[in-house]
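J.: start29.cif is the file, holding mmCIF, C-alpha atoms:
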data_my_file
loop_
_atom_site.label_atom_id
_atom_site.label_comp_id
_atom_site.auth_asym_id
_atom_site.auth_seq_id
_atom_site.Cartn_x
_atom_site.Cartn_y
_atom_site.Cartn_z
CA MET A 1 61.14 83.92 82.67
CA ALA A 2 62.50 87.00 84.36
CA GLN A 3 60.59 90.24 84.69
CA THR A 4 62.52 92.62 82.43
CA GLU A 5 60.32 95.71 82.60
CA ILE A 6 58.26 97.24 85.38
CA LYS A 7 55.46 99.61 84.41
CA PRO A 8 55.26 102.83 86.44
CA GLU A 9 51.81 101.96 87.77
CA ASP A 10 53.16 98.65 89.09
CA ASP A 11 56.17 100.13 90.86
CA ILE A 12 54.38 100.34 94.22
CA LEU A 13 54.01 98.28 97.36
CA GLY A 14 51.64 95.37 96.74
CA ARG A 15 52.67 94.77 93.12
CA ALA A 16 55.50 92.62 91.75
CA ARG A 17 58.53 94.84 91.15
CA VAL A 18 61.52 92.53 91.46
CA ARG A 19 64.49 93.63 89.32
CA ASP A 20 66.53 91.05 87.46
CA THR A 21 69.92 89.91 88.64
CA PRO A 22 72.18 87.17 87.27
CA GLU A 23 71.47 85.12 90.39
CA LEU A 24 67.70 85.42 89.88
CA GLU A 25 67.95 84.47 86.22
CA ALA A 26 69.86 81.33 87.18
CA TYR A 27 67.20 80.63 89.81
CA TYR A 28 64.41 80.93 87.23
CA GLU A 29 66.21 78.45 84.97
CA ASP A 30 66.40 75.96 87.82
CA LEU A 31 62.70 76.41 88.58
CA ALA A 32 61.81 75.78 84.94
CA LYS A 33 63.64 72.44 85.00
CA ILE A 34 61.12 71.12 87.54
CA ASP A 35 58.09 72.70 85.85
CA THR A 36 57.72 75.54 88.32
CA GLY A 37 58.11 79.30 88.23
CA ALA A 38 58.27 82.40 90.41
CA LEU A 39 54.86 84.07 90.75
CA TRP A 40 56.35 87.55 90.84
CA THR A 41 57.53 87.17 87.23
CA VAL A 42 53.97 86.80 85.96
CA ALA A 43 51.79 88.26 88.73
CA ASN A 44 51.18 91.65 87.15
CA ASP A 45 50.13 90.04 83.88
CA ILE A 46 47.75 87.47 85.35
CA GLU A 47 46.33 89.91 87.92
CA PRO A 48 45.66 93.07 85.89
CA TRP A 49 44.38 96.28 87.48
CA GLU A 50 41.14 95.90 85.54
CA PRO A 51 39.64 93.46 83.00
CA THR A 52 41.72 93.23 79.82
CA PRO A 53 39.58 92.02 76.90
CA LYS A 54 41.23 89.61 74.50
CA SER A 55 38.74 90.28 71.68
CA ALA A 56 38.50 93.08 69.13
CA PRO A 57 35.29 94.96 68.32
CA VAL A 58 34.11 93.62 64.95
CA LEU A 59 31.25 94.40 62.56
CA TRP A 60 30.07 91.63 60.22
CA ARG A 61 28.05 93.19 57.40
CA TRP A 62 24.96 91.34 56.19
CA GLU A 63 25.68 92.14 52.56
CA ASP A 64 28.95 90.22 52.90
CA THR A 65 27.95 87.35 55.18
CA CYS A 66 24.60 86.58 53.52
CA ARG A 67 26.20 86.02 50.13
CA GLN A 68 28.82 83.66 51.52
CA VAL A 69 26.36 81.77 53.74
CA LEU A 70 24.01 81.08 50.81
CA ARG A 71 26.92 79.78 48.71
CA ALA A 72 27.27 76.95 51.22
CA ILE A 73 23.87 75.54 50.21
CA ASP A 74 25.31 74.30 46.91
CA LEU A 75 28.63 73.22 48.41
CA VAL A 76 27.74 71.07 51.42
CA ARG A 77 24.76 69.09 52.68
CA PRO A 78 23.56 69.51 56.27
CA GLU A 79 23.70 65.71 56.61
CA ASP A 80 27.45 65.91 55.98
CA ALA A 81 28.26 69.19 57.73
CA GLY A 82 26.23 68.39 60.84
CA ARG A 83 25.27 72.05 60.78
CA ARG A 84 25.71 74.21 57.70
CA VAL A 85 27.19 77.20 59.52
CA VAL A 86 29.57 79.98 58.59
CA TYR A 87 31.00 81.05 61.92
CA LEU A 88 31.98 84.58 62.92
CA ARG A 89 35.66 84.67 63.76
CA ASN A 90 37.10 87.39 65.92
CA PRO A 91 40.60 88.19 64.62
CA LEU A 92 41.99 88.02 68.16
CA ARG A 93 40.15 84.81 69.12
CA LYS A 94 40.97 82.49 66.23
CA ASP A 95 42.57 79.99 68.60
CA VAL A 96 39.21 79.24 70.26
CA SER A 97 36.89 79.95 67.28
CA ALA A 98 35.12 82.67 69.26
CA ALA A 99 33.21 85.69 67.99
CA CYS A 100 33.78 87.62 71.21
CA GLY A 101 35.23 86.59 74.55
CA TRP A 102 34.14 83.03 75.22
CA LEU A 103 31.05 83.27 72.98
CA PHE A 104 30.67 81.49 69.63
CA SER A 105 28.38 82.75 66.89
CA GLY A 106 27.65 81.79 63.32
CA LEU A 107 25.08 82.01 60.55
CA GLN A 108 23.26 78.80 59.69
CA THR A 109 21.26 78.25 56.52
CA MET A 110 18.86 75.58 55.32
CA LYS A 111 16.54 75.31 52.34
CA ALA A 112 12.97 74.06 52.04
CA GLY A 113 12.59 70.39 52.92
CA GLU A 114 15.97 70.03 54.58
CA ARG A 115 16.35 68.50 58.02
CA ALA A 116 19.51 68.31 60.11
CA GLY A 117 20.09 65.35 62.43
CA ALA A 118 19.37 65.55 66.15
CA HIS A 119 22.25 65.94 68.59
CA ARG A 120 23.04 67.30 72.04
CA HIS A 121 26.03 68.82 73.74
CA ALA A 122 27.16 70.33 77.02
CA ALA A 123 27.28 73.81 75.48
CA SER A 124 24.15 75.95 75.56
CA ALA A 125 22.81 77.36 72.31
CA LEU A 126 20.33 79.94 71.04
CA ARG A 127 19.02 81.06 67.63
CA PHE A 128 17.85 84.39 66.26
CA ILE A 129 15.96 84.04 62.99
CA MET A 130 17.16 86.55 60.41
CA GLU A 131 15.49 85.61 57.13
CA GLY A 132 13.01 83.17 55.63
CA SER A 133 9.90 81.23 56.61
CA GLY A 134 8.94 77.68 57.50
CA ALA A 135 11.78 76.99 59.95
CA TYR A 136 11.28 74.85 63.04
CA THR A 137 13.29 73.52 65.96
CA ILE A 138 12.62 70.42 68.08
CA VAL A 139 14.00 70.54 71.63
CA ASP A 140 13.60 67.34 73.66
CA GLY A 141 10.47 66.57 71.67
CA HIS A 142 8.98 70.09 71.87
CA LYS A 143 8.55 71.36 68.30
CA VAL A 144 8.27 75.11 67.70
CA GLU A 145 7.70 77.03 64.48
CA LEU A 146 10.03 79.95 63.83
CA GLY A 147 9.66 83.24 61.99
CA ALA A 148 11.81 86.29 61.31
CA ARG A 149 13.24 87.96 64.45
CA ASP A 150 12.09 85.13 66.72
CA PHE A 151 14.48 84.04 69.48
CA VAL A 152 14.66 80.33 70.34
CA LEU A 153 16.53 78.28 72.95
CA THR A 154 18.33 74.96 72.64
CA PRO A 155 19.67 74.61 76.21
CA ASN A 156 22.66 72.50 77.14
CA GLY A 157 22.08 68.77 77.34
CA THR A 158 18.87 68.83 75.28
CA TRP A 159 18.32 66.83 72.12
CA HIS A 160 17.68 69.32 69.34
CA GLU A 161 17.34 69.43 65.59
CA HIS A 162 16.32 71.99 63.00
CA GLY A 163 14.55 71.89 59.67
CA ILE A 164 12.56 73.77 57.06
CA LEU A 165 9.09 72.73 55.94
CA GLU A 166 8.63 71.69 52.32
CA THR A 167 6.44 74.78 51.93
CA GLY A 168 9.08 77.05 53.47
CA THR A 169 11.86 79.14 51.97
CA GLU A 170 15.62 79.37 52.40
CA CYS A 171 16.25 80.47 55.97
CA ILE A 172 19.21 82.02 57.75
CA TRP A 173 19.52 82.32 61.49
CA GLN A 174 22.22 83.39 63.88
CA ASP A 175 23.54 80.76 66.25
CA GLY A 176 24.93 81.72 69.63
CA LEU A 177 26.73 79.21 71.85
CA ASP A 178 29.05 79.11 74.82
CA ILE A 179 31.28 76.48 73.15
CA PRO A 180 34.54 78.37 73.86
CA LEU A 181 33.65 78.69 77.55
CA THR A 182 32.61 75.04 77.81
CA ASN A 183 35.85 73.96 76.15
CA CYS A 184 37.88 76.31 78.35
CA LEU A 185 36.40 74.57 81.38
CA GLU A 186 37.13 71.20 79.73
CA ALA A 187 33.52 70.18 80.19
CA ASN A 188 32.18 69.70 76.66
CA PHE A 189 30.37 66.60 75.45
CA TYR A 190 28.77 65.93 72.05
CA GLU A 191 26.39 63.13 71.11
CA VAL A 192 24.33 62.30 68.02
CA HIS A 193 20.84 60.91 68.45
CA PRO A 194 20.74 57.09 68.29
CA ASN A 195 17.80 57.26 65.86
CA ASP A 196 19.20 60.22 63.87
CA TYR A 197 15.99 62.19 64.43
CA GLN A 198 13.56 62.67 67.30
CA THR A 199 10.03 61.32 67.32
CA THR A 200 7.42 63.10 69.39
CA ASP A 201 3.73 63.12 70.19
CA ILE A 202 3.88 66.48 71.99
CA PRO A 203 1.55 69.06 70.37
CA MET A 204 3.19 71.61 68.07
CA ASN A 205 4.15 74.89 69.80
CA ASP A 206 3.13 73.52 73.20
CA SER A 207 5.90 75.51 74.90
CA VAL A 208 4.63 78.83 73.56
CA MET A 209 1.00 77.92 74.11
CA THR A 210 1.66 76.97 77.74
CA TYR A 211 4.21 79.56 78.87
CA GLY A 212 3.89 82.41 76.38
CA GLY A 213 1.14 84.34 78.14
CA PRO A 214 2.32 87.63 79.72
CA ALA A 215 2.88 87.21 83.47
CA LEU A 216 0.88 83.98 83.51
CA LEU A 217 1.85 80.44 84.55
CA PRO A 218 -0.34 77.34 84.47
CA GLN A 219 -1.62 76.29 87.89
CA THR A 220 -0.45 72.74 87.19
CA ASP A 221 3.07 73.82 86.20
CA LYS A 222 5.55 70.98 86.82
CA TRP A 223 8.53 72.22 84.80
CA ASP A 224 11.68 71.26 86.71
CA LYS A 225 14.49 72.06 84.26
CA PRO A 226 17.20 74.67 85.00
CA TYR A 227 16.30 76.60 81.86
CA SER A 228 13.21 78.40 80.63
CA PRO A 229 10.13 76.32 79.74
CA LEU A 230 9.38 78.96 77.12
CA LEU A 231 11.58 77.88 74.23
CA LYS A 232 10.55 80.56 71.70
CA TYR A 233 10.22 84.31 72.24
CA SER A 234 8.28 85.69 69.30
CA TRP A 235 9.13 89.01 67.66
CA GLU A 236 5.64 90.53 67.55
CA PRO A 237 4.90 90.56 71.30
CA THR A 238 8.51 91.57 71.99
CA TYR A 239 8.26 94.61 69.73
CA GLU A 240 4.83 95.47 71.16
CA ALA A 241 6.32 95.35 74.66
CA LEU A 242 9.06 97.77 73.61
CA LEU A 243 6.52 100.17 72.10
CA ASN A 244 4.44 100.07 75.28
CA TYR A 245 7.53 100.56 77.44
CA ALA A 246 8.44 103.62 75.36
CA LYS A 247 5.11 105.22 76.26
CA VAL A 248 5.92 105.31 79.97
CA SER A 249 9.71 105.34 80.27
CA ASP A 250 12.89 106.81 78.83
CA GLY A 251 14.67 103.54 79.55
CA SER A 252 18.40 103.44 80.22
CA PRO A 253 20.72 106.34 79.31
CA TYR A 254 23.23 103.72 78.12
CA ASP A 255 21.02 101.20 76.30
CA GLY A 256 17.81 103.02 75.46
CA LEU A 257 14.63 101.03 76.01
CA ILE A 258 15.97 97.57 76.78
CA LEU A 259 14.04 94.46 77.78
CA ARG A 260 15.70 91.29 78.98
CA TYR A 261 14.37 87.89 77.90
CA THR A 262 13.46 85.94 81.04
CA ASN A 263 12.53 82.51 82.32
CA PRO A 264 8.79 82.98 83.06
CA GLN A 265 9.08 80.68 86.08
CA THR A 266 11.88 82.54 87.84
CA GLY A 267 12.27 85.93 86.20
CA GLY A 268 15.95 85.05 85.71
CA HIS A 269 17.93 84.46 82.54
CA PRO A 270 16.49 81.88 80.09
CA MET A 271 19.61 79.69 80.35
CA MET A 272 22.35 79.18 82.90
CA THR A 273 25.28 80.64 80.96
CA MET A 274 23.81 83.02 78.38
CA GLY A 275 21.38 85.90 78.55
CA ALA A 276 19.66 87.87 75.80
CA SER A 277 17.92 91.21 75.32
CA MET A 278 16.05 93.29 72.78
CA GLN A 279 16.49 97.05 72.92
CA MET A 280 14.95 99.98 71.11
CA LEU A 281 16.61 103.28 70.20
CA LEU A 282 14.11 106.04 69.55
CA PRO A 283 14.47 108.20 66.43
CA GLY A 284 17.66 110.23 66.68
CA GLN A 285 18.57 108.79 70.08
CA HIS A 286 22.25 108.69 71.04
CA THR A 287 22.98 106.85 74.28
CA LYS A 288 25.80 107.61 76.68
CA ALA A 289 28.83 105.35 76.99
CA HIS A 290 29.40 102.71 79.63
CA ARG A 291 31.35 99.50 80.01
CA HIS A 292 30.87 96.28 81.93
CA THR A 293 32.28 92.85 82.48
CA GLY A 294 30.85 90.26 80.11
CA ASN A 295 30.80 90.12 76.31
CA VAL A 296 27.89 91.05 74.05
CA ILE A 297 27.08 90.12 70.44
CA TYR A 298 24.48 92.31 68.73
CA ASN A 299 22.22 91.61 65.75
CA VAL A 300 20.46 94.59 64.17
CA ALA A 301 16.82 93.51 64.17
CA LYS A 302 15.43 96.76 62.77
CA GLY A 303 16.66 100.11 61.51
CA SER A 304 20.10 101.59 61.06
CA GLY A 305 22.60 103.62 63.02
CA TYR A 306 26.04 103.29 64.51
CA SER A 307 27.83 102.28 67.69
CA ILE A 308 31.05 103.69 69.08
CA ILE A 309 33.04 100.82 70.59
CA GLY A 310 36.39 101.47 72.19
CA GLY A 311 36.59 104.88 70.49
CA LYS A 312 35.88 103.53 66.99
CA ARG A 313 32.68 104.10 65.04
CA PHE A 314 30.86 101.12 63.49
CA ASP A 315 27.95 101.97 61.16
CA TRP A 316 25.29 99.28 61.02
CA THR A 317 22.06 98.47 59.22
CA GLU A 318 19.45 95.72 59.48
CA ARG A 319 20.87 92.18 59.92
CA ASP A 320 24.42 93.38 60.51
CA ILE A 321 26.12 91.77 63.51
CA PHE A 322 28.71 93.40 65.78
CA CYS A 323 30.33 92.65 69.10
CA VAL A 324 31.34 94.56 72.21
CA PRO A 325 34.16 92.91 74.18
CA ALA A 326 34.18 92.92 77.96
CA TRP A 327 35.10 96.15 79.75
CA THR A 328 35.03 98.17 76.53
CA TRP A 329 33.35 101.59 76.32
CA HIS A 330 30.35 101.56 74.00
CA GLU A 331 27.40 103.75 73.02
CA HIS A 332 24.70 103.51 70.35
CA CYS A 333 23.01 105.95 67.99
CA ASN A 334 19.89 105.66 65.84
CA THR A 335 20.55 107.81 62.76
CA SER A 336 16.92 107.83 61.62
CA GLU A 337 14.82 110.84 62.61
CA GLY A 338 11.56 109.08 61.79
CA ASP A 339 11.77 105.45 62.89
CA ASP A 340 13.07 103.40 65.79
CA ALA A 341 15.96 100.95 65.66
CA CYS A 342 16.04 97.61 67.50
CA LEU A 343 19.05 95.55 68.55
CA PHE A 344 18.87 91.91 69.58
CA SER A 345 21.83 90.80 71.68
CA PHE A 346 23.09 87.84 73.63
CA ASN A 347 25.74 87.78 76.32
CA ASP A 348 27.55 85.85 79.03
CA PHE A 349 26.13 87.97 81.88
CA PRO A 350 24.67 84.97 83.78
CA VAL A 351 28.21 83.63 84.23
CA MET A 352 29.48 87.01 85.42
CA GLU A 353 26.63 87.32 87.91
CA LYS A 354 26.84 83.78 89.30
CA LEU A 355 30.58 84.05 89.83
CA GLY A 356 30.37 87.49 91.41
CA PHE A 357 32.32 89.10 88.56
CA TRP A 358 29.69 91.58 87.39
CA ALA A 359 30.86 95.20 87.30
CA GLU A 360 29.68 98.25 85.35
CA GLN A 361 31.01 101.78 84.90
CA ALA A 362 29.64 104.91 83.24
CA LEU A 363 31.85 107.25 81.25
CA GLU A 364 31.96 110.63 82.99
CA ASP A 365 34.18 112.65 80.65
CA ASN A 366 32.91 114.56 77.60
CA ASP A 367 29.28 114.46 78.81
CA GLY A 368 29.36 110.68 78.71
CA HIS A 369 30.49 110.29 75.09
CA GLN A 370 33.70 108.84 73.69
CA VAL A 371 36.15 110.70 71.52
CA VAL A 372 36.00 108.95 68.16
CA GLU A 373 39.25 107.91 66.51
CA ASN A 374 39.91 109.26 63.03
#
Mind turning the file's structure into structure tokens?

T.:
Amino acid sequence: MAQTEIKPEDDILGRARVRDTPELEAYYEDLAKIDTGALWTVANDIEPWEPTPKSAPVLWRWEDTCRQVLRAIDLVRPEDAGRRVVYLRNPLRKDVSAACGWLFSGLQTMKAGERAGAHRHAASALRFIMEGSGAYTIVDGHKVELGARDFVLTPNGTWHEHGILETGTECIWQDGLDIPLTNCLEANFYEVHPNDYQTTDIPMNDSVMTYGGPALLPQTDKWDKPYSPLLKYSWEPTYEALLNYAKVSDGSPYDGLILRYTNPQTGGHPMMTMGASMQMLLPGQHTKAHRHTGNVIYNVAKGSGYSIIGGKRFDWTERDIFCVPAWTWHEHCNTSEGDDACLFSFNDFPVMEKLGFWAEQALEDNDGHQVVEN
């Protein structure tokens, strides 16, 4: 296809600025007949001046999603659905079922006594528990109990299954996966367990008991997997760490007091393709705006406030979920004058870092704050 319009910023040496002629149009038609094309007709689109996010900022309100997720309990069994999940669909990423960028997210629910079959896939996955008690996950035979605001890993290639104890309650957790990325790379596999469920003689919560101590590793550590041996990051010590951090630091001007979940063996990200953080905004705190490569999906773990994303204000409260697309200006504000607010988030930063794509920029105009659209 011919290049019919040249933007002023592209009309310089080094950019494609070929004007159409009848001879060129005939040439392009001949190229198309042999499944080829002229690079200069698409170069400026496929090599933008800066990252061009394909996702929209979206806020999914808990009062809306919770009601619809719980309806699914009476409509479909986990044995039939595989996973009883209502997924979060970005209006600009419907074609790849993504919530933001190349990240998938959804809300999964199970009731007391239910157990979903074991499976594994090439995509990496994580869970953030939003509501309920008695949930558990089994990852390659390691069984961990889960409570509200806990963060748990189900890394790529691992057998995993989820369930709720008979003594538990209805539970809802947020799933986060890199399914769109894995599919984009044409590398996804999916397999159900040959016995439907895992059997294990590994002690309950062995992962947390072994690797959950602060800055401590067992002398006989033999973990050789490319992901964290600590499969569950509990809320209580995470929140305590944030409170302690607040006593000695102001944190980041762009994210407040933010702590990154790490692999205790390496200090790196818990998994190869997805990272996660928990951040605290002090009472009344309003951060400055910045942007970066990589997409982020937030879950409001505590409190209420708002974020300005791409010049638009999104008001949030506990258990709401929102996303910040790559290279989009964003800032956060805690509207409470008496209590902190905490945001759990997961991202694709490990991919950006490994590929050398990581970049970050602070907003300098207007004292670092965006002008909000009406």

J.: Which residue, A:Glu364, A:Glu331, A:Glu161, A:Asp340, has the smallest gap to Leu242 in chain A when you use all atoms listed in the file?

T.: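 Checking each candidate against Leu242 in chain A, we get A:Asp340 as the closest.
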
J.: Tell me, as a compact mmCIF listing (two decimals) with C-alpha atoms, in the frame of the given file, which residues lie within 10 Å of Arg120 in chain A, counting all atoms listed in the file; anything in the same chain fewer than 6 positions away does not count.

T.:
# COMPACT_ATOMS: atom_id res chain seq x y z
CA VAL A 139 14.00 70.54 71.63
CA ASP A 140 13.60 67.34 73.66
CA THR A 154 18.33 74.96 72.64
CA PRO A 155 19.67 74.61 76.21
CA ASN A 156 22.66 72.50 77.14
CA GLY A 157 22.08 68.77 77.34
CA THR A 158 18.87 68.83 75.28
CA TRP A 159 18.32 66.83 72.12
CA HIS A 160 17.68 69.32 69.34
CA GLU A 161 17.34 69.43 65.59
CA PHE A 189 30.37 66.60 75.45
CA TYR A 190 28.77 65.93 72.05
CA GLU A 191 26.39 63.13 71.11
CA VAL A 192 24.33 62.30 68.02
CA HIS A 193 20.84 60.91 68.45

J.: Between CA of Ser133 in chain A and CA of Arg89 in chain A, what is the distance, to one decimal in Å?

T.: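 Atom-to-atom, CA of Ser133 in chain A and CA of Arg89 in chain A are spaced 27.0 Å apart.
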
J.: May I have a table of the residues of range 31-74 of chain A lying at most 8 Å from range 95-107 of chain A, giving each one's closest pair of atoms and their distance in Å to one decimal, counting all atoms listed in the file, ordered by chain and ascending residue number, as a tab-separated table?

T.:
residue	atom	partner	partner_atom	distance
A:Pro53	CA	A:Gly101	CA	7.3
A:Lys54	CA	A:Gly101	CA	6.7
A:Ser55	CA	A:Cys100	CA	5.6
A:Ala56	CA	A:Cys100	CA	7.5
A:Val69	CA	A:Leu107	CA	6.9

J.: As an exercise, work out the distance from CA of Ser307 in chain A to CA of Leu177 in chain A in Å and give it to one decimal place.

T.: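 Distance between the two atoms: 23.5 Å.
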
J.: Please provide the set of residues having any atom within 9 Å of His330 in chain A, restricted to only C-alpha atoms, with same-chain residues fewer than 3 positions apart removed, written as a ChimeraX atom specification.

T.: /A:254,288-291,307-311,324,369-370

J.: Could you tell me which of A:Gly176, A:Asn188, A:Asn366, A:Gln361 comes closest to Ser345 in chain A if we count all atoms listed in the file?

T.: A:Gly176

J.: Running the PyMOL selection byres ((chain A and resi 317) around 8) on this model by hand, what would come out? Give it as number ranges by chain.

T.: A: 300, 302-305, 315-316, 318-320

J.: Can you measure CA of Gly256 in chain A to CA of Trp235 in chain A for me? One decimal in Å is fine.

T.: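 Distance between the two atoms: 18.2 Å.
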
J.: Compare A:Pro194, A:Tyr27, A:Thr262, A:Ser252 by their minimum atom-to-atom distance to Pro214 in chain A, counting all atoms listed in the file, and give me the closest one.

T.: A:Thr262

J.: Which one is closest to Met110 in chain A: A:Pro283, A:Pro91, A:Gly168, A:Gly147? Count all atoms listed in the file.

T.: A:Gly168

J.: Considering all atoms listed in the file, return as a CSV table (one decimal) with C-alpha atoms, in the coordinates of the input whatever protein or nucleic-acid residues lie within 10 Å of Pro226 in chain A, sequence-local ones (same chain, fewer than 3 positions apart) excluded.

T.:
chain,number,residue,atom,x,y,z
A,155,PRO,CA,19.7,74.6,76.2
A,156,ASN,CA,22.7,72.5,77.1
A,223,TRP,CA,8.5,72.2,84.8
A,229,PRO,CA,10.1,76.3,79.7
A,263,ASN,CA,12.5,82.5,82.3
A,266,THR,CA,11.9,82.5,87.8
A,270,PRO,CA,16.5,81.9,80.1
A,271,MET,CA,19.6,79.7,80.4
A,272,MET,CA,22.4,79.2,82.9

J.: Let me know the residues the PyMOL selection byres ((chain A and resi 335) around 8) catches in the file above, as a short mmCIF file (atom, residue, chain, number, x, y, z; two decimals) with C-alpha atoms, in the coordinates of the input.

T.:
data_model
loop_
_atom_site.label_atom_id
_atom_site.label_comp_id
_atom_site.auth_asym_id
_atom_site.auth_seq_id
_atom_site.Cartn_x
_atom_site.Cartn_y
_atom_site.Cartn_z
CA PRO A 283 14.47 108.20 66.43
CA GLY A 284 17.66 110.23 66.68
CA GLN A 285 18.57 108.79 70.08
CA SER A 304 20.10 101.59 61.06
CA GLY A 305 22.60 103.62 63.02
CA TYR A 306 26.04 103.29 64.51
CA CYS A 333 23.01 105.95 67.99
CA ASN A 334 19.89 105.66 65.84
CA SER A 336 16.92 107.83 61.62
CA GLU A 337 14.82 110.84 62.61
#

J.: Using all atoms listed in the file, can you tell me which of A:Arg115, A:Lys222, A:His142, A:Arg77 comes closest to Ile164 in chain A?

T.: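 That would be A:Arg115, the residue with the smallest distance to Ile164 in chain A.
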
J.: For the PyMOL selection byres ((chain A and resi 7-13) around 12), applied here, can you spell out every residue it catches as a list of chain:residue names?

T.: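 Given this file, the PyMOL selection byres ((chain A and resi 7-13) around 12) evaluates to A:Gln3, A:Thr4, A:Glu5, A:Ile6, A:Gly14, A:Arg15, A:Ala16, A:Arg17, A:Val18, A:Arg19, A:Trp40, A:Ala43, A:Asn44, A:Asp45, A:Glu47, A:Pro48, A:Trp49.
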
J.: Between A:Ile258, A:Cys184, A:Met209, A:Ala241, which is the closest to Glu145 in chain A once you count all atoms listed in the file?

T.: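 Result for the nearest residue to Glu145 in chain A: A:Met209.
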
J.: Applying 12 Å and all atoms listed in the file, which residues near Leu70 in chain A remain after dropping the ones on its own chain fewer than 3 positions away? List them as a ChimeraX atom specification.

T.: /A:62-67,73-76,84-86,107-111,131,170-173

J.: List the spatial neighbours of Gln279 in chain A as a list in words - criterion: any atom at most 6 Å away, only C-alpha atoms, same-chain residues fewer than 6 positions off excluded.

T.: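 The residues satisfying every condition are Leu257, Ile258, Cys342 and Leu343 of chain A.
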